[in-house]
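Notes follow once the structure below has been shown.
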Amino acid sequence: MKITIVSGARPNFMKIAPICRAIETAKVQGKNVSYRLVYTGAENDPSIDASLFFDLAMQRPDTYLGVTGTNQSEITGAIMVAFEKELDENPAHIVLVVDDLTATMSCSIVAKKRGLKVAHLIAGTRSFDMNMPREVNRTIADAISDFLFTAGMVANRNLNQEGMIPEYIHYVGNILIDNIRFNRARFEEPVWFKTLGIKKGHYLLLTLNRRDLLSQELKLKEMLDVVMKEVGNLQVVAPLHDYAETALKEIGACYPNLHILPPQSYLHFGYLMNNAKGIITDSGNLAEEATFLDVPCITLNSYAEHPETWRMGTNELVGDDLDALQRLLKQLIKGEWKHATLPDRWDGRTADRIVQILLESEKHSRNI
């Protein structure tokens, strides 16, 4: 069985790495399975740092489709054309896509039109806002997938309510937890950590990635002012991409205890998460990792693709409610925060379950 695995952005690799390891293990056990890793972006993509694949203990992509740009229609078309050529040259039985990117949707459509099986990892997540491009991407990918691998029962319910074939839905658990369990002992302290006078458990980690938030200057400034007022003299470490750093500079964000840093390697960033007093973020992935690490987390969003993070975990959603942000920051600083109860199947074996399901499906097909 040949599996083509598609990544459309850096965060996808964190969820793909465990799948690659599980396939390699199955091969060692004598199973007839192999994979090819495709990145739809460029080989010189600045977000894919040189250390990423070493940090994740995985191979580099077998090919880069080289598609870049900002126009969604142009990106969709370019990925579909390039992926069609990729499959012509390197046939596959199953195409595995991740999350809710344009690449996820585009490659799913190409694979399905070729009569290939499509497996969607992190299926069933919903914001119920079809004005969000990612909601469109994930909904289309789910509708045409043959394997819907879900991270929680809420995702299962969403798919059932949308009339998906029950036999296609597989509750396998949270793949992101596979990765953090595998790598937690490998986290490394950044070389600048002590130079800045940062101490374990005595700093907040701040991340900002959502362009819709960063583009709202007044809202962003109000949020940041609340954060920096409430933290007092506590250090705030903020590894940011260039576009996020530019957005903060444009609103005049200048605080003596705010350390704006370049993006960190995976193992360094894991160290910062693991040892923070708390995390403030607009990232759903980070909220999941914070729950596993039992680190307090405030999410600058009004919904979470994985509600388990706030129902059972350490996450709290504030949206654009400044009063809620202020109240939760006071609570965090005082150390009065809820602890996490790990959701079902956050056990580090999600990738093993996925590969086993794919292998069993091939065996069943041969027996028909």
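Note on naming: chains are A, B, ... as they come in the structure tokens, residues start from 1 per chain, ligands start from 1 in the order shown.
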For this session: Taking the chain letters and numbering used in this document, name the residues of stretch 87-199 of chain A that DSSP puts in strand (DSSP E or B), as a list of chain:residue names.
Result: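 In stretch 87-199 of chain A, DSSP puts these residues in strand (DSSP E or B): A:Ile94, A:Val95, A:Leu96, A:Val97, A:Val98, A:Lys117, A:Val118, A:Ala119, A:His120, A:Leu121, A:Phe147, A:Leu148, A:Phe149, A:Thr150, A:Ile169, A:His170, A:Tyr171.
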Mind dumping the selected residues with C-alpha atoms as a PDB file, in the first residue's frame?
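The resulting file, selection01.pdb, is reproduced below:
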ATOM      1  CA  ILE A  94      -4.316   6.545  -0.448  1.00  0.00           C
ATOM      2  CA  VAL A  95      -3.827  10.299  -0.127  1.00  0.00           C
ATOM      3  CA  LEU A  96      -3.687  11.503   3.476  1.00  0.00           C
ATOM      4  CA  VAL A  97      -4.389  15.193   4.115  1.00  0.00           C
ATOM      5  CA  VAL A  98      -4.245  17.172   7.352  1.00  0.00           C
ATOM      6  CA  LYS A 117      -8.968   6.797  -1.288  1.00  0.00           C
ATOM      7  CA  VAL A 118      -8.766  10.018   0.733  1.00  0.00           C
ATOM      8  CA  ALA A 119      -7.936  10.036   4.437  1.00  0.00           C
ATOM      9  CA  HIS A 120      -8.564  13.256   6.388  1.00  0.00           C
ATOM     10  CA  LEU A 121      -6.641  13.667   9.611  1.00  0.00           C
ATOM     11  CA  PHE A 147     -11.376   7.797   6.146  1.00  0.00           C
ATOM     12  CA  LEU A 148     -12.444  10.460   8.636  1.00  0.00           C
ATOM     13  CA  PHE A 149      -9.945  10.371  11.503  1.00  0.00           C
ATOM     14  CA  THR A 150     -11.319  12.366  14.421  1.00  0.00           C
ATOM     15  CA  ILE A 169     -15.668   7.787  10.847  1.00  0.00           C
ATOM     16  CA  HIS A 170     -12.810   6.640  13.081  1.00  0.00           C
ATOM     17  CA  TYR A 171     -12.281   8.111  16.533  1.00  0.00           C
TER      18      TYR A 171
END
Problem set entry | Picked from stretch 171-329 of chain A by DSSP as helix (DSSP H, G or I), as an NGL selection string | :A and (175-186 or 211-214 or 217-231 or 242-250 or 266-274 or 284-293 or 308-311 or 322-329)
For this session: Tell me, as a ChimeraX atom specification, which residues lie within 6 Å of A:Tyr39, counting only C-alpha atoms; anything in the same chain fewer than 4 positions away does not count.
Result: /A:7-8,64
Residues as selected, N, CA and C atoms, written as a CSV table (one decimal), in the first residue's frame, can you do that?
chain,number,residue,atom,x,y,z
A,7,SER,N,1.4,17.9,3.1
A,7,SER,CA,1.5,19.0,4.1
A,7,SER,C,1.4,20.3,3.4
A,8,GLY,N,0.6,21.2,4.0
A,8,GLY,CA,0.4,22.5,3.3
A,8,GLY,C,1.1,23.6,4.1
A,64,TYR,N,8.6,19.1,-3.3
A,64,TYR,CA,8.0,20.4,-3.0
A,64,TYR,C,7.3,20.8,-4.2
For this session: Could you tell me which of A:Thr195, A:Arg138, A:Leu358, A:Leu267 comes closest to A:Ser34 if we count only C-alpha atoms?
Result: A:Leu358
For this session: Compile the contact shell of A:Thr68 as a ChimeraX atom specification: residues with an atom at most 10 Å away, counting only C-alpha atoms, same-chain residues fewer than 4 positions apart removed.
Result: /A:40-42,45,74-75,78-79
Exercise. With distances taken over only C-alpha atoms, which of A:Ile122, A:Glu89, A:Gly313, A:Gly201 is nearest to A:Val172?
Worked result: A:Ile122
Problem set entry | Residue with smallest distance to A:His306 - pool A:Asn44, A:Thr125, A:Gln216, A:Gln72, counting only C-alpha atoms |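 Of A:Asn44, A:Thr125, A:Gln216, A:Gln72, the one nearest A:His306 is A:Thr125, counting only C-alpha atoms.
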Problem set entry | Who sits within 9 Å of A:Leu37, only C-alpha atoms, same chain under 3 positions skipped, as a VMD selection string | chain A and resid 3 to 7 20 59 to 64
Selected residues written out, C-alpha atoms, as an mmCIF file, in the first residue's frame:
data_model
loop_
_atom_site.group_PDB
_atom_site.id
_atom_site.type_symbol
_atom_site.label_atom_id
_atom_site.label_comp_id
_atom_site.auth_asym_id
_atom_site.auth_seq_id
_atom_site.Cartn_x
_atom_site.Cartn_y
_atom_site.Cartn_z
ATOM 1 C CA ILE A 3 0.340 6.416 0.923
ATOM 2 C CA THR A 4 0.971 9.970 -0.239
ATOM 3 C CA ILE A 5 0.957 12.354 2.734
ATOM 4 C CA VAL A 6 0.321 16.037 2.030
ATOM 5 C CA SER A 7 1.528 18.966 4.113
ATOM 6 C CA CYS A 20 5.600 8.643 9.369
ATOM 7 C CA GLN A 59 12.568 12.779 6.856
ATOM 8 C CA ARG A 60 12.394 15.860 4.678
ATOM 9 C CA PRO A 61 9.611 15.963 2.048
ATOM 10 C CA ASP A 62 10.186 13.839 -1.023
ATOM 11 C CA THR A 63 8.992 16.705 -3.187
ATOM 12 C CA TYR A 64 8.007 20.363 -2.974
#
